[in-house]
Each structure stands twice: as C-alpha cells, then as structure tokens.
>>> print(open('model.cif').read())   # mmCIF, C-alpha atoms and all ligand atoms
data_target
loop_
_atom_site.label_atom_id
_atom_site.label_comp_id
_atom_site.auth_asym_id
_atom_site.auth_seq_id
_atom_site.Cartn_x
_atom_site.Cartn_y
_atom_site.Cartn_z
CA MET K 1 0.00 0.00 0.00
CA LYS K 2 1.26 3.47 -0.91
CA SER K 3 0.79 6.17 1.68
CA GLY K 4 2.28 9.64 2.04
CA THR K 5 1.99 13.38 2.39
CA VAL K 6 2.07 15.96 -0.41
CA ALA K 7 2.42 19.71 0.13
CA VAL K 8 0.46 21.67 -2.45
CA VAL K 9 2.16 25.03 -2.96
CA GLY K 10 2.32 27.81 -5.53
CA ARG K 11 1.40 31.37 -6.26
CA ALA K 12 -1.80 32.76 -4.72
CA ASN K 13 -4.79 32.07 -6.97
CA ALA K 14 -2.98 29.35 -8.95
CA GLY K 15 -5.80 26.88 -8.31
CA LYS K 16 -4.32 24.78 -5.47
CA SER K 17 -7.48 24.44 -3.39
CA THR K 18 -9.67 23.74 -6.43
CA LEU K 19 -7.29 20.99 -7.50
CA ILE K 20 -7.25 19.38 -4.04
CA ASN K 21 -11.06 19.46 -3.84
CA VAL K 22 -11.27 17.72 -7.22
CA MET K 23 -8.66 15.09 -6.36
CA VAL K 24 -10.20 14.36 -2.94
CA GLY K 25 -13.72 14.48 -4.39
CA GLU K 26 -15.02 16.68 -1.55
CA LYS K 27 -14.82 20.37 -0.82
CA VAL K 28 -12.19 20.54 1.91
CA ALA K 29 -11.03 24.08 1.13
CA ILE K 30 -12.83 27.21 -0.01
CA VAL K 31 -12.03 28.72 -3.40
CA SER K 32 -12.34 32.22 -4.84
CA PRO K 33 -11.10 34.33 -7.75
CA LYS K 34 -9.20 36.54 -5.28
CA PRO K 35 -5.63 35.84 -4.13
CA GLN K 36 -4.99 34.80 -0.52
CA THR K 37 -8.16 32.79 -0.13
CA THR K 38 -6.49 29.98 1.85
CA ARG K 39 -4.99 31.12 5.16
CA ASP K 40 -4.26 27.82 6.88
CA ARG K 41 -2.70 24.45 6.25
CA ILE K 42 -5.69 22.28 5.38
CA LEU K 43 -5.44 18.55 4.82
CA GLY K 44 -7.41 16.81 2.10
CA VAL K 45 -7.18 13.03 2.37
CA LEU K 46 -7.72 10.71 -0.59
CA THR K 47 -8.07 7.05 0.42
CA THR K 48 -8.65 4.02 -1.82
CA GLU K 49 -8.01 0.30 -1.34
CA ASN K 50 -4.49 0.69 -2.65
CA TYR K 51 -3.29 4.04 -1.39
CA GLN K 52 -3.75 7.06 0.83
CA ILE K 53 -2.57 10.50 -0.23
CA VAL K 54 -2.64 13.32 2.31
CA PHE K 55 -2.66 16.59 0.38
CA GLU K 56 -1.66 19.59 2.45
CA ASP K 57 -3.20 22.78 1.09
CA THR K 58 -1.26 25.96 1.86
CA PRO K 59 -1.66 29.73 1.56
CA GLY K 60 -0.39 30.88 -1.84
CA PHE K 61 2.81 32.84 -2.23
CA TYR K 62 1.93 36.51 -2.29
CA LYS K 63 3.61 39.82 -1.56
CA SER K 64 1.85 41.71 1.21
CA LYS K 65 3.27 43.41 4.25
CA THR K 66 0.77 42.34 6.90
CA GLU K 67 1.74 40.20 9.86
CA LEU K 68 -1.00 37.75 8.88
CA ASN K 69 0.60 37.32 5.45
CA ARG K 70 4.00 36.74 7.04
CA LYS K 71 2.48 33.95 9.11
CA MET K 72 0.75 32.50 6.04
CA GLN K 73 3.95 32.46 3.99
CA LYS K 74 5.75 30.76 6.86
CA THR K 75 3.03 28.09 6.99
CA ALA K 76 3.46 27.38 3.27
CA ARG K 77 7.25 27.20 3.44
CA LYS K 78 7.24 24.98 6.52
CA THR K 79 4.63 22.65 5.07
CA ALA K 80 6.75 22.13 1.96
CA LYS K 81 9.67 20.94 4.10
CA ASP K 82 8.12 18.00 5.90
CA VAL K 83 6.36 15.88 3.26
CA ASP K 84 7.08 13.02 0.88
CA ALA K 85 6.50 15.13 -2.25
CA VAL K 86 5.76 18.71 -3.24
CA LEU K 87 3.06 19.46 -5.79
CA PHE K 88 3.78 22.90 -7.21
CA VAL K 89 0.69 24.34 -8.88
CA LEU K 90 1.59 26.78 -11.63
CA ASP K 91 -1.10 28.80 -13.40
CA GLY K 92 0.51 29.55 -16.73
CA HIS K 93 -2.62 30.43 -18.68
CA ASP K 94 -1.31 33.93 -19.08
CA GLY K 95 2.22 32.72 -19.82
CA VAL K 96 4.81 31.39 -17.38
CA LYS K 97 6.44 34.41 -15.77
CA ASP K 98 9.91 34.88 -14.25
CA GLU K 99 8.19 35.17 -10.91
CA ASP K 100 6.70 31.67 -11.34
CA ILE K 101 10.08 30.23 -12.23
CA ASN K 102 11.77 31.94 -9.27
CA LEU K 103 9.13 30.62 -6.88
CA LEU K 104 9.49 27.15 -8.31
CA LYS K 105 13.26 27.31 -7.84
CA SER K 106 12.74 28.44 -4.26
CA VAL K 107 10.95 25.21 -3.29
CA MET K 108 13.60 22.96 -4.80
CA GLY K 109 15.46 20.83 -2.29
CA ASP K 110 15.70 17.19 -1.29
CA ILE K 111 11.98 16.51 -1.63
CA PRO K 112 10.76 15.55 -5.14
CA VAL K 113 8.83 18.36 -6.87
CA ILE K 114 6.02 17.64 -9.32
CA VAL K 115 4.57 20.57 -11.26
CA ALA K 116 0.86 20.71 -12.07
CA MET K 117 0.47 23.21 -14.90
CA SER K 118 -3.04 24.34 -14.06
CA LYS K 119 -6.00 25.92 -15.87
CA ILE K 120 -5.18 24.43 -19.27
CA ASP K 121 -8.85 24.90 -20.19
CA ILE K 122 -8.22 28.65 -20.49
CA MET K 123 -4.63 28.40 -21.71
CA PRO K 124 -4.13 29.29 -25.40
CA LYS K 125 -2.99 26.01 -27.02
CA ASP K 126 -0.03 27.71 -28.65
CA ASN K 127 1.37 28.63 -25.22
CA ILE K 128 1.50 25.06 -23.96
CA PRO K 129 4.79 23.90 -25.54
CA LEU K 130 6.67 27.04 -24.53
CA ASN K 131 5.31 26.86 -20.98
CA LEU K 132 6.39 23.25 -20.69
CA VAL K 133 9.89 24.09 -21.88
CA LYS K 134 10.25 26.97 -19.42
CA ILE K 135 9.19 24.76 -16.51
CA ALA K 136 11.30 21.81 -17.61
CA GLU K 137 14.40 24.01 -17.66
CA VAL K 138 14.23 24.38 -13.89
CA GLU K 139 16.73 21.97 -12.48
CA GLY K 140 15.26 19.21 -10.32
CA VAL K 141 11.66 19.27 -11.61
CA LYS K 142 10.67 15.60 -11.63
CA GLU K 143 7.45 15.74 -13.63
CA ILE K 144 5.13 18.25 -15.28
CA VAL K 145 1.46 17.37 -15.61
CA PRO K 146 -0.85 19.79 -17.46
CA VAL K 147 -4.27 19.78 -15.75
CA SER K 148 -7.63 21.47 -15.57
CA ALA K 149 -9.33 21.13 -12.21
CA ARG K 150 -12.38 22.92 -13.55
CA LYS K 151 -12.88 20.49 -16.45
CA GLY K 152 -11.46 17.48 -14.64
CA ARG K 153 -8.71 17.00 -17.22
CA ASN K 154 -5.68 14.84 -16.42
CA ILE K 155 -6.62 14.51 -12.77
CA LYS K 156 -6.17 10.72 -12.76
CA GLU K 157 -2.80 11.11 -14.45
CA LEU K 158 -1.74 13.64 -11.85
CA ILE K 159 -2.74 11.31 -9.00
CA GLU K 160 -0.83 8.44 -10.62
CA THR K 161 2.23 10.65 -10.98
CA VAL K 162 2.07 11.79 -7.36
CA LEU K 163 1.68 8.17 -6.21
CA SER K 164 4.85 7.12 -7.95
CA TYR K 165 6.79 9.38 -5.56
CA LEU K 166 5.15 8.12 -2.35
CA PRO K 167 6.57 5.39 -0.13
CA ASN K 168 4.96 2.09 0.78
CA GLY K 169 3.44 2.21 4.22
CA GLU K 170 0.41 2.16 6.46
CA LYS K 171 -2.42 4.64 6.18
CA ILE K 172 -1.95 7.78 8.25
CA PHE K 173 -5.71 8.40 8.72
CA GLY K 174 -8.76 6.18 9.01
CA ASP K 175 -10.78 5.46 5.86
CA ASP K 176 -13.52 7.98 6.62
CA VAL K 177 -11.26 10.97 7.32
CA ILE K 178 -11.18 13.56 4.54
CA SER K 179 -9.81 16.59 6.38
CA ASN K 180 -8.14 17.68 9.60
CA LYS K 181 -10.47 20.63 10.00
CA SER K 182 -13.63 20.73 12.11
CA GLU K 183 -17.16 21.44 10.94
CA LYS K 184 -16.95 24.71 12.86
CA PHE K 185 -13.88 25.73 10.86
CA MET K 186 -15.65 24.91 7.59
CA LEU K 187 -18.69 27.00 8.54
CA ALA K 188 -16.45 30.01 9.18
CA GLU K 189 -14.67 29.37 5.88
CA ILE K 190 -17.96 29.11 3.96
CA MET K 191 -18.90 32.54 5.25
CA ARG K 192 -15.48 33.92 4.32
CA GLU K 193 -15.82 32.44 0.83
CA LYS K 194 -19.07 34.32 0.25
CA ILE K 195 -17.49 37.55 1.52
CA LEU K 196 -14.58 37.00 -0.90
CA LEU K 197 -17.08 36.60 -3.71
CA LYS K 198 -19.35 39.49 -2.79
CA THR K 199 -16.99 42.26 -1.66
CA ASP K 200 -14.01 43.93 -3.29
CA LYS K 201 -10.59 45.48 -2.85
CA GLU K 202 -9.14 45.24 0.65
CA ILE K 203 -12.39 44.31 2.37
CA PRO K 204 -12.39 40.51 1.99
CA HIS K 205 -8.68 40.28 2.82
CA GLY K 206 -9.30 42.10 6.08
CA VAL K 207 -12.13 39.83 7.17
CA ALA K 208 -11.99 37.02 9.72
CA VAL K 209 -14.96 34.91 10.74
CA VAL K 210 -15.45 33.52 14.22
CA VAL K 211 -18.20 30.99 14.96
CA ASN K 212 -19.50 31.54 18.49
CA VAL K 213 -22.42 29.12 18.55
CA PHE K 214 -22.75 25.87 16.60
CA GLU K 215 -25.43 23.61 18.06
CA LYS K 216 -27.95 21.15 16.77
CA GLY K 217 -31.40 21.75 18.22
CA LYS K 218 -33.94 19.04 19.10
CA ASN K 219 -35.80 19.82 15.87
CA GLY K 220 -32.67 18.91 13.87
CA VAL K 221 -31.96 22.53 12.92
CA TYR K 222 -28.44 23.82 13.50
CA GLU K 223 -28.06 27.15 15.21
CA VAL K 224 -25.02 28.99 13.88
CA ASN K 225 -24.05 32.32 15.35
CA LEU K 226 -20.95 34.03 14.00
CA ASP K 227 -18.98 37.26 13.98
CA ILE K 228 -17.63 38.80 10.82
CA VAL K 229 -14.62 40.78 11.97
CA CYS K 230 -13.37 43.52 9.68
CA GLU K 231 -10.56 46.05 9.92
CA LYS K 232 -12.27 49.40 9.56
CA GLN K 233 -15.54 51.12 10.38
CA ASN K 234 -16.19 51.93 6.70
CA HIS K 235 -15.62 48.28 5.79
CA LYS K 236 -18.33 47.37 8.28
CA SER K 237 -20.77 49.76 6.59
CA ILE K 238 -20.00 48.26 3.18
CA ILE K 239 -20.40 44.70 4.40
CA ILE K 240 -23.76 45.54 5.98
CA GLY K 241 -24.90 47.59 2.97
CA LYS K 242 -27.91 49.83 2.56
CA GLN K 243 -30.54 48.73 5.07
CA GLY K 244 -28.61 45.53 5.58
CA ALA K 245 -29.03 44.42 1.96
CA LYS K 246 -25.45 43.23 1.49
CA ILE K 247 -25.16 41.19 4.66
CA LYS K 248 -28.54 39.63 3.92
CA GLU K 249 -27.36 38.57 0.47
CA ILE K 250 -24.05 37.21 1.78
CA SER K 251 -25.74 35.35 4.65
CA ALA K 252 -28.34 33.79 2.34
CA PHE K 253 -25.57 32.39 0.11
CA ALA K 254 -23.58 31.18 3.09
CA ARG K 255 -26.60 29.53 4.69
CA GLN K 256 -27.35 27.57 1.51
CA ASP K 257 -23.83 26.15 1.45
CA MET K 258 -23.81 25.48 5.19
CA GLU K 259 -27.03 23.48 4.81
CA LYS K 260 -25.53 21.50 1.95
CA PHE K 261 -22.39 20.88 4.00
CA LEU K 262 -24.22 19.82 7.18
CA GLY K 263 -27.10 18.09 5.40
CA ALA K 264 -29.59 19.88 7.64
CA LYS K 265 -31.37 23.20 8.04
CA VAL K 266 -29.37 26.09 9.49
CA PHE K 267 -30.58 29.06 11.48
CA LEU K 268 -27.84 31.63 10.92
CA THR K 269 -27.23 34.86 12.78
CA THR K 270 -24.33 37.17 11.95
CA PHE K 271 -22.77 40.17 13.62
CA VAL K 272 -20.29 42.49 11.95
CA LYS K 273 -17.55 43.80 14.25
CA VAL K 274 -14.51 46.02 13.81
CA LYS K 275 -11.07 45.23 15.18
CA GLU K 276 -8.82 47.96 13.86
CA ASN K 277 -6.00 46.60 11.69
CA TRP K 278 -6.13 43.14 13.29
CA ARG K 279 -4.00 41.69 10.48
CA ASP K 280 -0.99 43.49 11.93
CA LYS K 281 -1.55 42.52 15.55
CA GLU K 282 -0.09 39.24 16.66
CA SER K 283 -2.50 38.78 19.58
CA LEU K 284 -5.59 39.48 17.47
CA ILE K 285 -4.38 37.21 14.67
CA SER K 286 -4.23 34.25 17.03
CA GLU K 287 -7.40 35.29 18.86
CA LEU K 288 -9.19 35.13 15.50
CA GLY K 289 -8.00 31.58 14.96
CA TYR K 290 -4.83 31.89 12.89
CA LYS K 291 -2.36 29.87 14.87
CA ASP K 292 0.91 28.33 13.82
CA ASP K 293 -0.18 24.75 13.34
CA VAL K 294 2.93 23.62 11.50
CA LEU K 295 5.70 22.53 13.81
N1 LIG J 1 -10.47 28.12 -15.77
C1 LIG J 1 -10.04 27.54 -14.64
N2 LIG J 1 -10.10 28.19 -13.48
C2 LIG J 1 -9.65 27.55 -12.38
C3 LIG J 1 -9.12 26.24 -12.42
N3 LIG J 1 -8.74 25.90 -11.17
C4 LIG J 1 -9.04 26.96 -10.39
N4 LIG J 1 -9.59 27.95 -11.10
C5 LIG J 1 -10.06 29.26 -10.60
O1 LIG J 1 -8.95 29.98 -10.10
C6 LIG J 1 -9.34 30.78 -8.97
C7 LIG J 1 -8.43 30.49 -7.79
O2 LIG J 1 -8.65 29.16 -7.36
P1 LIG J 1 -8.21 28.66 -5.91
O3 LIG J 1 -8.35 27.19 -5.91
O4 LIG J 1 -8.92 29.44 -4.84
O5 LIG J 1 -6.68 29.07 -5.93
P2 LIG J 1 -5.57 28.90 -4.77
O6 LIG J 1 -4.30 28.59 -5.44
O7 LIG J 1 -6.05 27.94 -3.74
O8 LIG J 1 -5.54 30.37 -4.19
P3 LIG J 1 -5.01 30.89 -2.72
O9 LIG J 1 -5.71 30.08 -1.69
O10 LIG J 1 -5.45 32.31 -2.71
O11 LIG J 1 -3.54 30.74 -2.71
C8 LIG J 1 -10.81 30.45 -8.72
O12 LIG J 1 -11.61 31.45 -9.32
C9 LIG J 1 -11.00 29.12 -9.40
O13 LIG J 1 -12.33 28.89 -9.84
C10 LIG J 1 -9.09 25.57 -13.69
O14 LIG J 1 -8.66 24.43 -13.84
N5 LIG J 1 -9.55 26.27 -14.76
MG MG J 2 -6.39 28.14 -1.75
#
>>> encode(input="model.cif", output="structure tokens")
Amino acid sequence: MKSGTVAVVGRANAGKSTLINVMVGEKVAIVSPKPQTTRDRILGVLTTENYQIVFEDTPGFYKSKTELNRKMQKTARKTAKDVDAVLFVLDGHDGVKDEDINLLKSVMGDIPVIVAMSKIDIMPKDNIPLNLVKIAEVEGVKEIVPVSARKGRNIKELIETVLSYLPNGEKIFGDDVISNKSEKFMLAEIMREKILLKTDKEIPHGVAVVVNVFEKGKNGVYEVNLDIVCEKQNHKSIIIGKQGAKIKEISAFARQDMEKFLGAKVFLTTFVKVKENWRDKESLISELGYKDDVL
C-alpha cells in the first residue's frame, strides 16, 4: 500500500485548493477568484483500497506586508519541508512568468517536486509547448502534468504521478477521514468564501470569521451564530450595505452552502464587528484563529 503526504504550494490564486477538492472528491477548502483565499494548512485526504494521499493545502505565495501574510507564507514554506513530495501548482494560462520560475526554484530541495500546470482549459494552445519548456528548464523538476481542475482533465494522471513518488506504508488516517479541520472551521470558511465573492478590494482580505455558537437543536436545525470581523468602520458599513441588503445577500448564500455541507437546516445569525488593523496585531491574529499549526 502506498501512503504519504504531499504539500500543495504555488502562487496565490494558482488553483491549489480547487485541485485538491477535485482530487479528494469533496470540498475541503474554499475557493475564490481573489488571491490569498487559503490562510491555513488544510489537509485533504484521498483514500482508496491501494493508497492514501494526504494533500496539504497551503496559503499561496503573495507579496503583502501584513503580519497575517508573514504567518501565512511561513506556513506554506514549513509545510513544503516535511512531506514526501511537493506538488507545485503553476497557473501559466497567461504565460509562465519569471516570478513563477523563481518561486518554483525556491521550493527545490531534497523533496521531489512535481509541477501541475493548471487551468489548461483557459490556456491558449499555442502557449503550452513554450510553458512546458520553461518549466522543464528548472533543475530538479521531476514531472510536469498539465491539468484542468475545472474540467477534470488529467486529474487521474496527476494522481498516478504523485503516487509514484510516495513510499509504501500504512495509512496515516482512518478510511472515513477527509480533512483535519472541524465542521466549525468549515462554517467560518464558507462565510469567508461568500465575503470573498461578494466584496471587493481590501475588504475581503481584512475579514476574519469567528463561529461563536454551533449547536444542533432538538428539531434537527443547527443554530449557527458568528462574527464577521473587519478592519475598519467603513468596511463594516460596506459589508452591511444599505438597510442591511449586502449582509442579507451574503448570509443567504452562506446559509445555503452550510445546509448542503451539514445536510440539515441552518438558522444563521451574523454580527459584523470592527477590530482595527487586526491583520498586523499578533494577539488578534491568534485570537481570530490563525495559529501556527505547522511545527
Ligand atoms: N479556468 C479555470 N479556473 C480555475 C481552475 N482551477 C481553479 N480555477 C479558478 O482559479 C481561482 C483560484 O482558485 P483557488 O483554488 O482558490 O486558488 P488557490 O491557489 O487555492 O488560491 P489561494 O488560496 O489564494 O492561494 C478560482 O476562481 C477558481 O475557480 C481551472 O482548472 N480552470
Ligand atoms: Mg487556496
């Protein structure tokens, strides 16, 4: 039996979380068109009769000066150092840039690196050969697999390739485990995903979600009570919107997904709070749930 861990790293917005969700066959991580969607190390476990692959999703590489970002980058770098293989996701649909190549070089070391060239469904066909050459020129790249998570292209091939770099061994997790994160964590993330989709500029990046109440009532309905914490008073006004229209829209979307996720009705209440510039304050960052969970 093959069994091992795979760090999934790459530039922010490259499609890492989407790819893991598709490979695992369940939504273990939220996804959005905005960079810096993933803030934690999130495991997605794929188990079959013959193998278990533990994918470790990471925050994407991104330049930003906040303390939260510094922590996120550290999480990604550390994760990539203690695994059996590294899966570097490279979105080259717009051409492979020097920045992509430099990042790829920066993860090279003793651990085998496989490159998933992502989003080939929107990549002009003519770009593909040149992209492949540019990636292949990086010394130490073991394999390059062009994939589309959105269209499900080459996913099996990618899994097969990853497997060939994993050791024989016992399963790390039980058969029914698909993630290391709690239901409570996922509920907070679902809300953050909708905020990423429905607000712009700095607002979604400055939002944290804290679930205060998560209980199943006797009638089978879950009560979920959460805080949306933002960085500035004017962000709060935008999130709430005119006569509460925006927060109503966001909450309705979130509730739908929460119900799908829990398989039961949800009674959701939300509060919007301001904690000035929390992303630069160590104590607030950990109070809001962003802890160093990589040793
Ligand atoms: N066309 C296309 N879009 C994709 C594909 N995979 C992901 N995307 C889109 O790319 C965007 C970013 O996807 P994510 O999975 O959130 O990217 P990420 O690398 O996890 O991003 P961070 O967590 O911010 O580092 C989303 O809008 C996805 O829908 C793909 O195969 N094809
Ligand atoms: Mg992500």
>>> residues_near_ligand(input="model.cif", ligand="ligand LIG 1 (chain J)", cutoff="8 Å", atoms="only C-alpha atoms and all ligand atoms", output="tab-separated table (two decimals) with C-alpha atoms, in the frame of the given file")
chain	number	residue	atom	x	y	z
K	9	VAL	CA	2.16	25.03	-2.96
K	10	GLY	CA	2.32	27.81	-5.53
K	11	ARG	CA	1.40	31.37	-6.26
K	12	ALA	CA	-1.80	32.76	-4.72
K	13	ASN	CA	-4.79	32.07	-6.97
K	14	ALA	CA	-2.98	29.35	-8.95
K	15	GLY	CA	-5.80	26.88	-8.31
K	16	LYS	CA	-4.32	24.78	-5.47
K	17	SER	CA	-7.48	24.44	-3.39
K	18	THR	CA	-9.67	23.74	-6.43
K	19	LEU	CA	-7.29	20.99	-7.50
K	29	ALA	CA	-11.03	24.08	1.13
K	30	ILE	CA	-12.83	27.21	-0.01
K	31	VAL	CA	-12.03	28.72	-3.40
K	32	SER	CA	-12.34	32.22	-4.84
K	33	PRO	CA	-11.10	34.33	-7.75
K	34	LYS	CA	-9.20	36.54	-5.28
K	35	PRO	CA	-5.63	35.84	-4.13
K	36	GLN	CA	-4.99	34.80	-0.52
K	37	THR	CA	-8.16	32.79	-0.13
K	38	THR	CA	-6.49	29.98	1.85
K	39	ARG	CA	-4.99	31.12	5.16
K	57	ASP	CA	-3.20	22.78	1.09
K	58	THR	CA	-1.26	25.96	1.86
K	59	PRO	CA	-1.66	29.73	1.56
K	60	GLY	CA	-0.39	30.88	-1.84
K	61	PHE	CA	2.81	32.84	-2.23
K	62	TYR	CA	1.93	36.51	-2.29
K	89	VAL	CA	0.69	24.34	-8.88
K	118	SER	CA	-3.04	24.34	-14.06
K	119	LYS	CA	-6.00	25.92	-15.87
K	120	ILE	CA	-5.18	24.43	-19.27
K	121	ASP	CA	-8.85	24.90	-20.19
K	122	ILE	CA	-8.22	28.65	-20.49
K	147	VAL	CA	-4.27	19.78	-15.75
K	148	SER	CA	-7.63	21.47	-15.57
K	149	ALA	CA	-9.33	21.13	-12.21
K	150	ARG	CA	-12.38	22.92	-13.55
K	151	LYS	CA	-12.88	20.49	-16.45
K	152	GLY	CA	-11.46	17.48	-14.64
>>> atom_distance(input="model.cif", atom1="CA of Val96 in chain K", atom2="CA of Asn131 in chain K")
5.8 Å
>>> atom_distance(input="model.cif", atom1="CA of Lys291 in chain K", atom2="CA of Ala254 in chain K")
24.3 Å
>>> closest_residue(input="model.cif", among="K:Leu87, K:Leu196, K:Ser3, K:Asp126", to="Val145 in chain K", atoms="all atoms listed in the file")
K:Leu87
>>> residues_around(input="model.cif", residues="Leu226 in chain K", least_positions_apart="5", cutoff="9 Å", atoms="all atoms listed in the file", output="PDB file with C-alpha atoms, keeping the file's coordinate frame")
ATOM      1  CA  ALA K 188     -16.450  30.010   9.180  1.00  0.00           C
ATOM      2  CA  VAL K 209     -14.960  34.910  10.740  1.00  0.00           C
ATOM      3  CA  VAL K 210     -15.450  33.520  14.220  1.00  0.00           C
ATOM      4  CA  VAL K 211     -18.200  30.990  14.960  1.00  0.00           C
ATOM      5  CA  ASN K 212     -19.500  31.540  18.490  1.00  0.00           C
ATOM      6  CA  VAL K 213     -22.420  29.120  18.550  1.00  0.00           C
ATOM      7  CA  PHE K 214     -22.750  25.870  16.600  1.00  0.00           C
ATOM      8  CA  LEU K 268     -27.840  31.630  10.920  1.00  0.00           C
ATOM      9  CA  THR K 269     -27.230  34.860  12.780  1.00  0.00           C
ATOM     10  CA  THR K 270     -24.330  37.170  11.950  1.00  0.00           C
ATOM     11  CA  PHE K 271     -22.770  40.170  13.620  1.00  0.00           C
ATOM     12  CA  VAL K 272     -20.290  42.490  11.950  1.00  0.00           C
TER      13      VAL K 272
END
>>> residues_near_point(input="model.cif", point="(-14.8, 16.3, -0.5)", cutoff="12 Å", atoms="all atoms listed in the file", output="list in words")
Ser17, Thr18, Leu19, Ile20, Asn21, Val22, Met23, Val24, Gly25, Glu26, Lys27, Val28, Ala29, Ile30, Leu43, Gly44, Val45, Leu46, Thr47, Asp176, Val177, Ile178, Ser179, Met186 and Phe261 of chain K
>>> residues_around(input="model.cif", residues="Glu137 in chain K", least_positions_apart="6", cutoff="12 Å", atoms="only C-alpha atoms", output="ChimeraX atom specification")
/K:101-102,104-105,130-131,143-144
>>> write_last_selection(input="model.cif", atoms="C-alpha atoms", output="tab-separated table (two decimals), keeping the file's coordinate frame")
chain	number	residue	atom	x	y	z
K	101	ILE	CA	10.08	30.23	-12.23
K	102	ASN	CA	11.77	31.94	-9.27
K	104	LEU	CA	9.49	27.15	-8.31
K	105	LYS	CA	13.26	27.31	-7.84
K	130	LEU	CA	6.67	27.04	-24.53
K	131	ASN	CA	5.31	26.86	-20.98
K	143	GLU	CA	7.45	15.74	-13.63
K	144	ILE	CA	5.13	18.25	-15.28
>>> residues_near_point(input="model.cif", point="(8.1, 25.8, 1.9)", cutoff="10 Å", atoms="only C-alpha atoms", output="PyMOL selection string")
chain K and resi 7-10+58+61+73-82+86+106-109
>>> atom_distance(input="model.cif", atom1="CA of Phe173 in chain K", atom2="CA of Lys216 in chain K")
26.9 Å
>>> closest_residue(input="model.cif", among="K:Glu189, K:Lys97, K:Tyr290, K:Glu183", to="ligand MG 2 (chain J)", atoms="only C-alpha atoms and all ligand atoms")
K:Glu189
>>> closest_residue(input="model.cif", among="K:Glu139, K:Ile247, K:Ala116, K:Asp40", to="ligand MG 2 (chain J)", atoms="all atoms listed in the file")
K:Asp40
>>> build_atoms(input="model.cif", residues="range 40-61 of chain K", atoms="N, CA and C atoms", output="compact mmCIF listing (two decimals), in the frame of the given file")
# COMPACT_ATOMS: atom_id res chain seq x y z
N ASP K 40 -4.78 28.85 5.98
CA ASP K 40 -4.26 27.82 6.88
C ASP K 40 -3.72 26.63 6.10
N ARG K 41 -3.05 25.75 6.83
CA ARG K 41 -2.70 24.45 6.25
C ARG K 41 -3.92 23.56 6.44
N ILE K 42 -4.46 23.08 5.33
CA ILE K 42 -5.69 22.28 5.38
C ILE K 42 -5.42 20.94 4.71
N LEU K 43 -5.69 19.86 5.42
CA LEU K 43 -5.44 18.55 4.82
C LEU K 43 -6.66 18.08 4.04
N GLY K 44 -6.38 17.48 2.88
CA GLY K 44 -7.41 16.81 2.10
C GLY K 44 -6.93 15.38 1.87
N VAL K 45 -7.68 14.41 2.37
CA VAL K 45 -7.18 13.03 2.37
C VAL K 45 -7.93 12.20 1.32
N LEU K 46 -7.15 11.58 0.45
CA LEU K 46 -7.72 10.71 -0.59
C LEU K 46 -7.32 9.27 -0.28
N THR K 47 -8.34 8.44 0.03
CA THR K 47 -8.07 7.05 0.42
C THR K 47 -8.76 6.09 -0.54
N THR K 48 -8.04 5.11 -1.05
CA THR K 48 -8.65 4.02 -1.82
C THR K 48 -8.13 2.71 -1.21
N GLU K 49 -8.49 1.59 -1.85
CA GLU K 49 -8.01 0.30 -1.34
C GLU K 49 -6.48 0.20 -1.40
N ASN K 50 -5.92 0.88 -2.39
CA ASN K 50 -4.49 0.69 -2.65
C ASN K 50 -3.57 1.80 -2.16
N TYR K 51 -4.16 2.94 -1.82
CA TYR K 51 -3.29 4.04 -1.39
C TYR K 51 -4.03 5.07 -0.54
N GLN K 52 -3.23 5.87 0.15
CA GLN K 52 -3.75 7.06 0.83
C GLN K 52 -2.80 8.22 0.56
N ILE K 53 -3.39 9.30 -0.02
CA ILE K 53 -2.57 10.50 -0.23
C ILE K 53 -3.12 11.61 0.66
N VAL K 54 -2.23 12.20 1.46
CA VAL K 54 -2.64 13.32 2.31
C VAL K 54 -2.12 14.60 1.65
N PHE K 55 -3.04 15.31 1.00
CA PHE K 55 -2.66 16.59 0.38
C PHE K 55 -2.70 17.67 1.45
N GLU K 56 -1.69 18.51 1.47
CA GLU K 56 -1.66 19.59 2.45
C GLU K 56 -1.78 20.92 1.71
N ASP K 57 -2.97 21.50 1.75
CA ASP K 57 -3.20 22.78 1.09
C ASP K 57 -2.49 23.88 1.88
N THR K 58 -2.02 24.89 1.19
CA THR K 58 -1.26 25.96 1.86
C THR K 58 -1.69 27.33 1.32
N PRO K 59 -1.42 28.38 2.09
CA PRO K 59 -1.66 29.73 1.56
C PRO K 59 -0.72 29.98 0.39
N GLY K 60 -1.22 30.62 -0.66
CA GLY K 60 -0.39 30.88 -1.84
C GLY K 60 0.68 31.92 -1.58
N PHE K 61 1.75 31.84 -2.36
CA PHE K 61 2.81 32.84 -2.23
C PHE K 61 2.29 34.17 -2.76
